>>> print(open('data36.cif').read())   # mmCIF, C-alpha atoms and all ligand atoms
data_my_file
loop_
_atom_site.group_PDB
_atom_site.id
_atom_site.type_symbol
_atom_site.label_atom_id
_atom_site.label_comp_id
_atom_site.auth_asym_id
_atom_site.auth_seq_id
_atom_site.Cartn_x
_atom_site.Cartn_y
_atom_site.Cartn_z
ATOM 1 C CA MET E 146 2.277 -27.747 -22.286
ATOM 2 C CA GLN E 147 -0.049 -30.733 -22.128
ATOM 3 C CA ILE E 148 -3.513 -29.997 -20.737
ATOM 4 C CA LEU E 149 -5.140 -33.005 -19.116
ATOM 5 C CA HIS E 150 -8.738 -33.066 -17.974
ATOM 6 C CA SER E 151 -9.231 -36.724 -17.113
ATOM 7 C CA ARG E 152 -7.564 -39.147 -14.752
ATOM 8 C CA ALA E 153 -7.017 -41.516 -17.703
ATOM 9 C CA SER E 154 -5.141 -38.881 -19.730
ATOM 10 C CA LEU E 155 -3.163 -37.921 -16.622
ATOM 11 C CA ARG E 156 -2.168 -41.560 -16.057
ATOM 12 C CA GLU E 157 -1.151 -41.898 -19.687
ATOM 13 C CA ALA E 158 0.922 -38.683 -19.638
ATOM 14 C CA LEU E 159 2.698 -39.771 -16.454
ATOM 15 C CA SER E 160 3.240 -43.384 -17.486
ATOM 16 C CA SER E 161 6.821 -42.759 -18.560
ATOM 17 C CA GLY E 162 9.475 -40.343 -17.423
ATOM 18 C CA PRO E 163 10.502 -39.192 -13.962
ATOM 19 C CA ARG E 164 8.005 -38.423 -11.217
ATOM 20 C CA PRO E 165 6.926 -34.790 -11.605
ATOM 21 C CA VAL E 166 6.792 -31.906 -9.156
ATOM 22 C CA LEU E 167 3.227 -30.817 -8.389
ATOM 23 C CA VAL E 168 1.963 -27.277 -7.905
ATOM 24 C CA PRO E 169 -1.644 -27.579 -6.687
ATOM 25 C CA THR E 170 -3.837 -24.507 -7.228
ATOM 26 C CA MET E 171 -7.450 -23.472 -7.491
ATOM 27 C CA GLY E 172 -6.654 -21.333 -10.544
ATOM 28 C CA ASN E 173 -7.166 -17.596 -11.074
ATOM 29 C CA LEU E 174 -3.393 -17.505 -11.043
ATOM 30 C CA HIS E 175 -1.144 -14.605 -10.074
ATOM 31 C CA ALA E 176 2.579 -14.011 -9.654
ATOM 32 C CA GLY E 177 2.555 -15.962 -6.360
ATOM 33 C CA HIS E 178 1.511 -19.119 -8.204
ATOM 34 C CA LEU E 179 4.111 -18.484 -10.896
ATOM 35 C CA ALA E 180 6.768 -18.281 -8.152
ATOM 36 C CA LEU E 181 5.652 -21.773 -7.054
ATOM 37 C CA VAL E 182 6.086 -22.999 -10.627
ATOM 38 C CA ALA E 183 9.537 -21.366 -10.824
ATOM 39 C CA ARG E 184 10.551 -23.119 -7.581
ATOM 40 C CA ALA E 185 9.147 -26.404 -8.897
ATOM 41 C CA ARG E 186 11.226 -26.022 -12.064
ATOM 42 C CA GLU E 187 14.377 -25.612 -9.990
ATOM 43 C CA LEU E 188 13.828 -29.123 -8.638
ATOM 44 C CA GLY E 189 14.734 -30.511 -12.049
ATOM 45 C CA ALA E 190 11.730 -32.768 -12.743
ATOM 46 C CA PRO E 191 8.793 -32.122 -15.064
ATOM 47 C CA VAL E 192 6.360 -29.670 -13.512
ATOM 48 C CA ILE E 193 2.639 -30.310 -13.340
ATOM 49 C CA ALA E 194 0.196 -27.726 -12.013
ATOM 50 C CA SER E 195 -3.340 -28.597 -11.049
ATOM 51 C CA VAL E 196 -6.296 -26.251 -11.279
ATOM 52 C CA PHE E 197 -9.351 -27.419 -9.382
ATOM 53 C CA VAL E 198 -11.783 -25.355 -7.304
ATOM 54 C CA ASN E 199 -12.424 -27.800 -4.505
ATOM 55 C CA ARG E 200 -15.992 -27.599 -3.242
ATOM 56 C CA LEU E 201 -15.081 -29.640 -0.127
ATOM 57 C CA GLN E 202 -12.980 -26.863 1.384
ATOM 58 C CA PHE E 203 -15.658 -24.154 1.150
ATOM 59 C CA GLY E 204 -18.201 -23.735 3.931
ATOM 60 C CA PRO E 205 -21.845 -22.779 3.475
ATOM 61 C CA GLY E 206 -22.107 -19.111 2.493
ATOM 62 C CA GLU E 207 -18.448 -18.935 1.382
ATOM 63 C CA ASP E 208 -17.322 -17.955 -2.091
ATOM 64 C CA PHE E 209 -17.318 -21.342 -3.874
ATOM 65 C CA GLU E 210 -19.842 -20.221 -6.503
ATOM 66 C CA ARG E 211 -18.205 -16.868 -7.234
ATOM 67 C CA TYR E 212 -14.588 -18.108 -7.014
ATOM 68 C CA PRO E 213 -13.144 -16.976 -10.378
ATOM 69 C CA ARG E 214 -12.758 -19.782 -12.940
ATOM 70 C CA THR E 215 -10.212 -18.499 -15.480
ATOM 71 C CA LEU E 216 -8.809 -21.669 -17.018
ATOM 72 C CA PRO E 217 -7.770 -20.360 -20.493
ATOM 73 C CA ARG E 218 -5.851 -17.482 -18.892
ATOM 74 C CA ASP E 219 -4.359 -19.811 -16.251
ATOM 75 C CA ALA E 220 -3.227 -22.263 -18.935
ATOM 76 C CA HIS E 221 -1.564 -19.455 -20.893
ATOM 77 C CA MET E 222 0.250 -18.160 -17.792
ATOM 78 C CA LEU E 223 1.425 -21.653 -16.841
ATOM 79 C CA GLU E 224 2.724 -22.310 -20.328
ATOM 80 C CA GLN E 225 4.622 -19.007 -20.320
ATOM 81 C CA ALA E 226 6.068 -19.938 -16.924
ATOM 82 C CA GLY E 227 7.508 -23.164 -18.341
ATOM 83 C CA CYS E 228 5.049 -25.595 -16.770
ATOM 84 C CA ASP E 229 5.051 -28.961 -18.578
ATOM 85 C CA MET E 230 1.568 -30.246 -17.751
ATOM 86 C CA LEU E 231 -1.706 -28.890 -16.438
ATOM 87 C CA PHE E 232 -4.197 -31.192 -14.741
ATOM 88 C CA ALA E 233 -7.604 -29.471 -14.775
ATOM 89 C CA PRO E 234 -10.277 -32.017 -13.889
ATOM 90 C CA ASP E 235 -13.916 -31.115 -13.512
ATOM 91 C CA GLU E 236 -15.869 -32.137 -10.433
ATOM 92 C CA SER E 237 -17.151 -35.382 -11.914
ATOM 93 C CA GLU E 238 -13.577 -36.423 -12.670
ATOM 94 C CA MET E 239 -12.252 -35.499 -9.229
ATOM 95 C CA TYR E 240 -15.283 -36.718 -7.300
ATOM 96 C CA PRO E 241 -16.999 -39.281 -9.578
ATOM 97 C CA ALA E 242 -18.913 -40.457 -6.522
ATOM 98 C CA PRO E 243 -19.649 -38.318 -3.478
ATOM 99 C CA GLN E 244 -16.437 -38.162 -1.432
ATOM 100 C CA THR E 245 -17.584 -40.003 1.697
ATOM 101 C CA PHE E 246 -14.067 -40.788 2.981
ATOM 102 C CA HIS E 247 -12.290 -37.704 4.304
ATOM 103 C CA VAL E 248 -8.964 -36.942 5.919
ATOM 104 C CA LEU E 249 -9.529 -35.932 9.545
ATOM 105 C CA PRO E 250 -6.657 -33.580 10.375
ATOM 106 C CA ASP E 251 -5.316 -33.292 13.915
ATOM 107 C CA PRO E 252 -7.670 -30.809 15.653
ATOM 108 C CA ARG E 253 -4.753 -29.281 17.584
ATOM 109 C CA LEU E 254 -3.409 -28.052 14.257
ATOM 110 C CA ALA E 255 -6.620 -27.798 12.227
ATOM 111 C CA GLY E 256 -9.152 -26.674 14.825
ATOM 112 C CA GLU E 257 -7.749 -23.206 15.525
ATOM 113 C CA LEU E 258 -7.196 -19.992 13.564
ATOM 114 C CA GLU E 259 -8.484 -20.727 10.046
ATOM 115 C CA GLY E 260 -10.011 -23.977 11.272
ATOM 116 C CA ALA E 261 -12.000 -22.192 13.986
ATOM 117 C CA SER E 262 -13.229 -19.539 11.533
ATOM 118 C CA ARG E 263 -13.910 -22.010 8.723
ATOM 119 C CA PRO E 264 -15.085 -25.318 10.244
ATOM 120 C CA GLY E 265 -14.354 -28.279 7.967
ATOM 121 C CA HIS E 266 -12.061 -26.216 5.718
ATOM 122 C CA PHE E 267 -8.899 -28.196 6.411
ATOM 123 C CA GLU E 268 -10.713 -31.508 6.159
ATOM 124 C CA GLY E 269 -11.596 -30.477 2.602
ATOM 125 C CA VAL E 270 -8.094 -29.210 1.831
ATOM 126 C CA THR E 271 -6.268 -32.276 3.112
ATOM 127 C CA THR E 272 -8.742 -34.618 1.428
ATOM 128 C CA VAL E 273 -8.270 -33.044 -2.003
ATOM 129 C CA VAL E 274 -4.500 -32.732 -1.571
ATOM 130 C CA LEU E 275 -4.232 -36.410 -0.594
ATOM 131 C CA LYS E 276 -6.262 -37.272 -3.682
ATOM 132 C CA LEU E 277 -4.108 -35.081 -5.951
ATOM 133 C CA LEU E 278 -0.953 -36.640 -4.507
ATOM 134 C CA GLN E 279 -2.405 -40.097 -5.179
ATOM 135 C CA LEU E 280 -3.355 -39.238 -8.751
ATOM 136 C CA VAL E 281 -0.114 -37.482 -9.690
ATOM 137 C CA GLN E 282 2.387 -39.386 -7.482
ATOM 138 C CA PRO E 283 4.804 -36.436 -7.520
ATOM 139 C CA SER E 284 8.288 -36.540 -6.004
ATOM 140 C CA ALA E 285 7.661 -33.096 -4.480
ATOM 141 C CA ALA E 286 4.807 -30.618 -4.161
ATOM 142 C CA VAL E 287 5.173 -26.862 -3.698
ATOM 143 C CA PHE E 288 2.813 -24.747 -1.581
ATOM 144 C CA GLY E 289 2.756 -21.052 -0.701
ATOM 145 C CA LYS E 290 3.354 -20.071 2.913
ATOM 146 C CA LYS E 291 0.667 -17.396 2.733
ATOM 147 C CA ASP E 292 -1.609 -20.287 3.665
ATOM 148 C CA TYR E 293 0.724 -21.071 6.558
ATOM 149 C CA GLN E 294 -1.596 -23.360 8.501
ATOM 150 C CA GLN E 295 -2.490 -25.245 5.317
ATOM 151 C CA TRP E 296 1.197 -25.741 4.525
ATOM 152 C CA MET E 297 1.842 -27.050 8.048
ATOM 153 C CA LEU E 298 -1.130 -29.404 7.934
ATOM 154 C CA ILE E 299 -0.089 -30.840 4.600
ATOM 155 C CA ARG E 300 3.436 -31.423 5.895
ATOM 156 C CA ALA E 301 2.002 -33.151 8.964
ATOM 157 C CA MET E 302 -0.358 -35.293 6.872
ATOM 158 C CA VAL E 303 2.464 -36.371 4.559
ATOM 159 C CA GLU E 304 4.637 -37.283 7.522
ATOM 160 C CA GLN E 305 1.927 -39.138 9.437
ATOM 161 C CA PHE E 306 0.762 -41.161 6.431
ATOM 162 C CA ALA E 307 4.368 -41.688 5.255
ATOM 163 C CA LEU E 308 3.469 -40.374 1.803
ATOM 164 C CA PRO E 309 6.456 -40.566 -0.547
ATOM 165 C CA VAL E 310 6.547 -36.889 -1.448
ATOM 166 C CA ARG E 311 8.571 -33.901 -0.279
ATOM 167 C CA ILE E 312 6.552 -30.797 0.654
ATOM 168 C CA GLU E 313 8.135 -27.434 -0.085
ATOM 169 C CA GLY E 314 6.890 -24.126 1.284
ATOM 170 C CA LEU E 315 7.601 -20.900 -0.541
ATOM 171 C CA ASP E 316 7.622 -17.415 0.970
ATOM 172 C CA THR E 317 4.646 -15.203 0.229
ATOM 173 C CA VAL E 318 4.891 -13.007 -2.851
ATOM 174 C CA ARG E 319 3.716 -9.437 -2.190
ATOM 175 C CA ASP E 320 2.732 -6.372 -4.161
ATOM 176 C CA SER E 321 5.020 -3.357 -3.785
ATOM 177 C CA ASP E 322 2.805 -1.991 -0.957
ATOM 178 C CA GLY E 323 3.135 -5.227 1.037
ATOM 179 C CA LEU E 324 -0.213 -6.824 0.209
ATOM 180 C CA ALA E 325 0.141 -10.594 -0.059
ATOM 181 C CA LEU E 326 -0.892 -11.762 -3.521
ATOM 182 C CA SER E 327 -4.126 -13.732 -3.404
ATOM 183 C CA SER E 328 -6.768 -14.765 -5.893
ATOM 184 C CA ARG E 329 -9.281 -13.119 -3.561
ATOM 185 C CA ASN E 330 -7.630 -9.674 -3.932
ATOM 186 C CA GLY E 331 -9.613 -9.420 -7.158
ATOM 187 C CA TYR E 332 -12.800 -9.094 -5.089
ATOM 188 C CA LEU E 333 -11.581 -5.799 -3.553
ATOM 189 C CA SER E 334 -12.993 -2.460 -4.709
ATOM 190 C CA PRO E 335 -10.333 0.202 -5.530
ATOM 191 C CA ALA E 336 -10.867 1.807 -2.092
ATOM 192 C CA GLU E 337 -10.584 -1.574 -0.337
ATOM 193 C CA ARG E 338 -7.486 -2.422 -2.359
ATOM 194 C CA ALA E 339 -5.879 0.799 -1.112
ATOM 195 C CA SER E 340 -6.662 -0.213 2.504
ATOM 196 C CA ALA E 341 -5.746 -3.886 2.135
ATOM 197 C CA PRO E 342 -2.031 -3.542 3.160
ATOM 198 C CA GLN E 343 -3.273 -2.492 6.630
ATOM 199 C CA LEU E 344 -3.557 -6.173 7.568
ATOM 200 C CA GLN E 345 0.124 -6.787 6.842
ATOM 201 C CA ARG E 346 1.042 -3.596 8.715
ATOM 202 C CA ALA E 347 -0.954 -4.717 11.764
ATOM 203 C CA LEU E 348 0.857 -8.083 11.732
ATOM 204 C CA ARG E 349 4.220 -6.370 11.375
ATOM 205 C CA GLU E 350 3.481 -4.081 14.302
ATOM 206 C CA LEU E 351 2.308 -6.979 16.473
ATOM 207 C CA ALA E 352 5.462 -8.934 15.600
ATOM 208 C CA SER E 353 7.581 -5.971 16.653
ATOM 209 C CA ARG E 354 5.661 -5.562 19.952
ATOM 210 C CA ALA E 355 5.650 -9.241 20.946
ATOM 211 C CA PRO E 356 9.291 -9.547 22.101
ATOM 212 C CA ALA E 357 8.804 -6.542 24.407
ATOM 213 C CA CYS E 358 5.813 -8.131 26.179
ATOM 214 C CA ALA E 359 6.815 -8.951 29.759
ATOM 215 C CA ASP E 360 4.319 -11.812 30.018
ATOM 216 C CA LEU E 361 1.655 -13.673 28.108
ATOM 217 C CA GLU E 362 -1.097 -11.406 29.425
ATOM 218 C CA GLN E 363 0.656 -8.436 27.781
ATOM 219 C CA LEU E 364 0.861 -10.405 24.560
ATOM 220 C CA ARG E 365 -2.874 -11.140 24.767
ATOM 221 C CA GLN E 366 -3.513 -7.405 25.217
ATOM 222 C CA ALA E 367 -1.253 -6.527 22.267
ATOM 223 C CA GLN E 368 -3.206 -8.983 20.097
ATOM 224 C CA ALA E 369 -6.540 -7.535 21.237
ATOM 225 C CA GLN E 370 -5.270 -3.994 20.541
ATOM 226 C CA ALA E 371 -4.083 -5.014 17.067
ATOM 227 C CA GLU E 372 -7.535 -6.455 16.315
ATOM 228 C CA GLN E 373 -9.198 -3.328 17.691
ATOM 229 C CA GLY E 374 -6.899 -1.139 15.544
ATOM 230 C CA LEU E 375 -8.097 -2.963 12.441
ATOM 231 C CA ARG E 376 -11.727 -2.690 13.552
ATOM 232 C CA GLU E 377 -11.281 1.082 13.809
ATOM 233 C CA LEU E 378 -10.029 1.087 10.209
ATOM 234 C CA GLY E 379 -13.226 -0.666 9.080
ATOM 235 C CA TRP E 380 -12.085 -4.306 9.126
ATOM 236 C CA GLU E 381 -13.765 -7.244 10.854
ATOM 237 C CA PRO E 382 -10.875 -9.318 12.186
ATOM 238 C CA ASP E 383 -11.305 -13.059 12.885
ATOM 239 C CA TYR E 384 -7.943 -13.309 14.640
ATOM 240 C CA LEU E 385 -4.485 -11.782 14.932
ATOM 241 C CA SER E 386 -2.426 -14.253 16.859
ATOM 242 C CA VAL E 387 1.205 -14.970 17.704
ATOM 243 C CA ARG E 388 1.996 -18.679 17.510
ATOM 244 C CA ARG E 389 4.971 -20.998 17.598
ATOM 245 C CA ARG E 390 6.211 -21.891 14.147
ATOM 246 C CA ALA E 391 6.764 -25.505 15.163
ATOM 247 C CA ASP E 392 3.203 -26.462 16.129
ATOM 248 C CA LEU E 393 1.077 -23.301 15.729
ATOM 249 C CA GLN E 394 0.269 -23.338 19.448
ATOM 250 C CA ALA E 395 0.351 -20.137 21.485
ATOM 251 C CA PRO E 396 3.670 -19.574 23.243
ATOM 252 C CA ALA E 397 3.551 -21.117 26.709
ATOM 253 C CA ARG E 398 6.297 -19.063 28.377
ATOM 254 C CA PRO E 399 7.286 -15.377 28.015
ATOM 255 C CA GLU E 400 10.893 -16.386 27.159
ATOM 256 C CA GLU E 401 9.565 -17.805 23.902
ATOM 257 C CA LEU E 402 8.620 -14.272 22.830
ATOM 258 C CA ARG E 403 12.282 -13.368 22.693
ATOM 259 C CA ARG E 404 13.577 -16.519 20.960
ATOM 260 C CA GLU E 405 14.896 -15.857 17.424
ATOM 261 C CA ALA E 406 13.084 -17.411 14.439
ATOM 262 C CA HIS E 407 10.610 -19.173 16.711
ATOM 263 C CA LEU E 408 7.270 -17.475 16.136
ATOM 264 C CA VAL E 409 4.818 -16.534 13.428
ATOM 265 C CA VAL E 410 2.009 -14.018 13.649
ATOM 266 C CA LEU E 411 -1.079 -14.969 11.681
ATOM 267 C CA GLY E 412 -4.098 -12.879 10.838
ATOM 268 C CA ALA E 413 -7.437 -13.116 9.076
ATOM 269 C CA ALA E 414 -9.862 -10.256 8.641
ATOM 270 C CA ARG E 415 -12.733 -9.259 6.445
ATOM 271 C CA LEU E 416 -12.670 -6.032 4.455
ATOM 272 C CA GLY E 417 -16.148 -5.513 2.998
ATOM 273 C CA ARG E 418 -17.104 -8.848 1.424
ATOM 274 C CA THR E 419 -13.513 -10.055 1.117
ATOM 275 C CA ARG E 420 -11.769 -12.171 3.723
ATOM 276 C CA LEU E 421 -7.982 -11.830 3.592
ATOM 277 C CA ILE E 422 -5.325 -13.816 5.462
ATOM 278 C CA ASP E 423 -1.648 -13.155 5.936
ATOM 279 C CA ASN E 424 1.216 -14.048 8.259
ATOM 280 C CA LEU E 425 4.745 -13.066 9.147
ATOM 281 C CA GLU E 426 7.492 -15.241 10.606
ATOM 282 C CA PHE E 427 9.721 -13.575 13.164
HETATM 283 O O1 LIG P 501 -4.092 -23.333 -1.627
HETATM 284 C C1 LIG P 501 -4.930 -23.674 -2.477
HETATM 285 O O2 LIG P 501 -5.060 -23.090 -3.554
HETATM 286 C C2 LIG P 501 -5.843 -24.851 -2.173
HETATM 287 O O3 LIG P 501 -6.198 -24.892 -0.825
HETATM 288 C C3 LIG P 501 -5.248 -26.200 -2.625
HETATM 289 C C4 LIG P 501 -3.990 -26.536 -1.880
HETATM 290 C C5 LIG P 501 -4.965 -26.156 -4.120
HETATM 291 C C6 LIG P 501 -6.261 -27.321 -2.364
HETATM 292 O O4 LIG P 501 -7.460 -27.100 -3.033
#
>>> encode(input="data36.cif", output="structure tokens", more="lines below")
Ligand code: PAF
Amino acid sequence: MQILHSRASLREALSSGPRPVLVPTMGNLHAGHLALVARARELGAPVIASVFVNRLQFGPGEDFERYPRTLPRDAHMLEQAGCDMLFAPDESEMYPAPQTFHVLPDPRLAGELEGASRPGHFEGVTTVVLKLLQLVQPSAAVFGKKDYQQWMLIRAMVEQFALPVRIEGLDTVRDSDGLALSSRNGYLSPAERASAPQLQRALRELASRAPACADLEQLRQAQAQAEQGLRELGWEPDYLSVRRRADLQAPARPEELRREAHLVVLGAARLGRTRLIDNLEF
């Protein structure tokens, strides 16, 4: 596997051969990332992963400084997974001048849920992803659907700017107890790790209650009860919310609650110092 740290070496490596498939990451890789690489390999083009902890998508007081930087281990895992190239720029390579031009994502999609809890987060994500797509010029890029809103925003950005890349979303990879794999799981103490699947269970329960709600007020109550249930278990929930898969808006009519494959329930909650997110399509 070729490891490329500079834009110049990236350009040189990509100057011949077919357009690659990109797997963008912030490193500290786990089996979920390796599933993205495996999916990328199925697409038949060379696979390039990127590892870059993007300062722009972290808010003040978030975990940018302590986000684990584990490049040698990441490189080894990617090589074992059959990745062809790794692009691992440092900040001066990615942002040689302060990034004063930003993508401004549609607030209807970016202003709620994660966007409401983490103002500016999606501006930072879409800006760096646009830049990575420009640098790598991949034919396709593969993202995990654990970050459901991120995946939807990137698809919308690619469509609106007519970027010549296909965006793939891959189902969340979970531990045997249901916990969605995440680089942030490493922050959990053993006791917190044992409690962490409670978020997924709360989402599952809410998804099973939603179709039985007679109206949207009952759904609102079910969401509030699900949040309260987590609070009683020691979590601080930001949101547990049932949304339409198509546009991430709240359902507008009770009939939508009973439509097959139409909704997704998304949740974010803090357990100790760790903020976890998860979702479930239903
Ligand atoms: O999902 C992530 O790891 C990041 O948000 C991404 C897409 C690599 C952009 O920094």
>>> residues_near_ligand(input="data36.cif", ligand="ligand LIG 501 (chain P)", cutoff="7 Å", atoms="only C-alpha atoms and all ligand atoms", output="PyMOL selection string")
chain E and resi 169-171+197-199+270+273-274+292
>>> closest_residue(input="data36.cif", among="E:Glu259, E:Pro241, E:Arg253, E:Leu201", to="Thr272 (chain E)", atoms="all atoms listed in the file")
E:Leu201
>>> resolve_selection(input="data36.cif", expression="the PyMOL selection byres (((chain E and resi 368) around 10) and not hetatm)", output="ChimeraX atom specification")
/E:347-348,351-352,354-355,362-367,369-374,384-387,410
>>> atom_distance(input="data36.cif", atom1="CA of Arg164 (chain E)", atom2="CA of Met239 (chain E)")
20.6 Å
>>> closest_residue(input="data36.cif", among="E:Ala286, E:Gly177, E:Gly269, E:Leu416", to="Val310 (chain E)", atoms="all atoms listed in the file")
E:Ala286
>>> closest_residue(input="data36.cif", among="E:Val196, E:Leu298, E:Val318, E:Ala185", to="Pro234 (chain E)", atoms="only C-alpha atoms")
E:Val196
>>> residues_near_point(input="data36.cif", point="(-7.1, -11.3, 7.0)", cutoff="8 Å", atoms="all atoms listed in the file", output="PyMOL selection string")
chain E and resi 344+382-384+412-415+420-423
>>> closest_residue(input="data36.cif", among="E:Gln202, E:Arg152, E:Lys290, E:Asp322", to="Glu426 (chain E)", atoms="only C-alpha atoms")
E:Lys290
>>> residues_around(input="data36.cif", residues="Leu188 (chain E)", least_positions_apart="4", cutoff="9 Å", atoms="all atoms listed in the file", output="list of chain:residue names")
E:Val166, E:Arg184, E:Val192, E:Ala285
>>> residues_near_point(input="data36.cif", point="(0.0, -27.4, -15.0)", cutoff="9 Å", atoms="all atoms listed in the file", output="ChimeraX atom specification")
/E:146-149,167-169,182,192-196,219-220,223-224,228-233
>>> closest_residue(input="data36.cif", among="E:Pro356, E:Pro163, E:Arg329, E:Ala406", to="Phe209 (chain E)", atoms="only C-alpha atoms")
E:Arg329
>>> decode(input="data36.cif", residues="region 298-367 of chain E", atoms="C-alpha atoms", output="PDB file, in the first residue's frame")
ATOM      1  CA  LEU E 298     -25.865  15.713   3.416  1.00  0.00           C
ATOM      2  CA  ILE E 299     -22.959  14.458   1.357  1.00  0.00           C
ATOM      3  CA  ARG E 300     -25.347  12.856  -1.128  1.00  0.00           C
ATOM      4  CA  ALA E 301     -27.276  16.125  -1.353  1.00  0.00           C
ATOM      5  CA  MET E 302     -24.093  18.175  -1.799  1.00  0.00           C
ATOM      6  CA  VAL E 303     -22.848  15.880  -4.566  1.00  0.00           C
ATOM      7  CA  GLU E 304     -26.183  16.099  -6.343  1.00  0.00           C
ATOM      8  CA  GLN E 305     -26.562  19.867  -5.998  1.00  0.00           C
ATOM      9  CA  PHE E 306     -23.020  20.635  -7.154  1.00  0.00           C
ATOM     10  CA  ALA E 307     -23.203  17.932  -9.861  1.00  0.00           C
ATOM     11  CA  LEU E 308     -19.976  16.385  -8.581  1.00  0.00           C
ATOM     12  CA  PRO E 309     -18.924  13.441 -10.752  1.00  0.00           C
ATOM     13  CA  VAL E 310     -18.825  10.862  -7.980  1.00  0.00           C
ATOM     14  CA  ARG E 311     -21.201   8.176  -6.743  1.00  0.00           C
ATOM     15  CA  ILE E 312     -21.870   8.162  -2.984  1.00  0.00           C
ATOM     16  CA  GLU E 313     -22.417   4.786  -1.351  1.00  0.00           C
ATOM     17  CA  GLY E 314     -23.811   4.288   2.139  1.00  0.00           C
ATOM     18  CA  LEU E 315     -23.020   1.160   4.096  1.00  0.00           C
ATOM     19  CA  ASP E 316     -25.050  -0.272   6.970  1.00  0.00           C
ATOM     20  CA  THR E 317     -23.674   0.222  10.458  1.00  0.00           C
ATOM     21  CA  VAL E 318     -21.377  -2.491  11.774  1.00  0.00           C
ATOM     22  CA  ARG E 319     -22.202  -3.481  15.366  1.00  0.00           C
ATOM     23  CA  ASP E 320     -20.614  -5.387  18.212  1.00  0.00           C
ATOM     24  CA  SER E 321     -22.374  -8.598  19.240  1.00  0.00           C
ATOM     25  CA  ASP E 322     -24.367  -6.685  21.911  1.00  0.00           C
ATOM     26  CA  GLY E 323     -25.700  -4.212  19.330  1.00  0.00           C
ATOM     27  CA  LEU E 324     -23.396  -1.270  20.025  1.00  0.00           C
ATOM     28  CA  ALA E 325     -22.583   0.573  16.807  1.00  0.00           C
ATOM     29  CA  LEU E 326     -18.835   0.564  16.206  1.00  0.00           C
ATOM     30  CA  SER E 327     -17.362   4.031  16.620  1.00  0.00           C
ATOM     31  CA  SER E 328     -13.920   5.469  17.187  1.00  0.00           C
ATOM     32  CA  ARG E 329     -15.404   7.224  20.217  1.00  0.00           C
ATOM     33  CA  ASN E 330     -16.327   3.903  21.906  1.00  0.00           C
ATOM     34  CA  GLY E 331     -12.700   3.826  23.025  1.00  0.00           C
ATOM     35  CA  TYR E 332     -13.447   6.718  25.397  1.00  0.00           C
ATOM     36  CA  LEU E 333     -15.912   4.567  27.397  1.00  0.00           C
ATOM     37  CA  SER E 334     -14.955   3.136  30.791  1.00  0.00           C
ATOM     38  CA  PRO E 335     -15.702  -0.619  31.209  1.00  0.00           C
ATOM     39  CA  ALA E 336     -18.924   0.224  33.103  1.00  0.00           C
ATOM     40  CA  GLU E 337     -19.993   2.717  30.415  1.00  0.00           C
ATOM     41  CA  ARG E 338     -19.160   0.212  27.688  1.00  0.00           C
ATOM     42  CA  ALA E 339     -21.494  -2.286  29.368  1.00  0.00           C
ATOM     43  CA  SER E 340     -24.297   0.332  29.362  1.00  0.00           C
ATOM     44  CA  ALA E 341     -23.621   1.684  25.871  1.00  0.00           C
ATOM     45  CA  PRO E 342     -26.007  -0.704  23.980  1.00  0.00           C
ATOM     46  CA  GLN E 343     -28.889   0.973  25.869  1.00  0.00           C
ATOM     47  CA  LEU E 344     -28.949   3.705  23.215  1.00  0.00           C
ATOM     48  CA  GLN E 345     -29.554   1.184  20.433  1.00  0.00           C
ATOM     49  CA  ARG E 346     -32.194  -0.556  22.563  1.00  0.00           C
ATOM     50  CA  ALA E 347     -34.007   2.744  23.156  1.00  0.00           C
ATOM     51  CA  LEU E 348     -34.029   3.426  19.395  1.00  0.00           C
ATOM     52  CA  ARG E 349     -35.283  -0.079  18.678  1.00  0.00           C
ATOM     53  CA  GLU E 350     -38.091   0.300  21.193  1.00  0.00           C
ATOM     54  CA  LEU E 351     -39.084   3.702  19.805  1.00  0.00           C
ATOM     55  CA  ALA E 352     -39.109   2.274  16.271  1.00  0.00           C
ATOM     56  CA  SER E 353     -41.410  -0.511  17.420  1.00  0.00           C
ATOM     57  CA  ARG E 354     -43.764   1.946  19.197  1.00  0.00           C
ATOM     58  CA  ALA E 355     -43.978   4.507  16.385  1.00  0.00           C
ATOM     59  CA  PRO E 356     -46.334   2.605  14.036  1.00  0.00           C
ATOM     60  CA  ALA E 357     -48.806   2.135  16.910  1.00  0.00           C
ATOM     61  CA  CYS E 358     -49.000   5.885  17.623  1.00  0.00           C
ATOM     62  CA  ALA E 359     -52.473   7.124  16.683  1.00  0.00           C
ATOM     63  CA  ASP E 360     -51.241  10.651  15.958  1.00  0.00           C
ATOM     64  CA  LEU E 361     -48.162  12.826  15.935  1.00  0.00           C
ATOM     65  CA  GLU E 362     -48.749  13.971  19.511  1.00  0.00           C
ATOM     66  CA  GLN E 363     -48.466  10.335  20.650  1.00  0.00           C
ATOM     67  CA  LEU E 364     -45.251  10.024  18.687  1.00  0.00           C
ATOM     68  CA  ARG E 365     -43.903  13.157  20.389  1.00  0.00           C
ATOM     69  CA  GLN E 366     -44.767  11.609  23.768  1.00  0.00           C
ATOM     70  CA  ALA E 367     -43.098   8.305  22.831  1.00  0.00           C
TER      71      ALA E 367
END
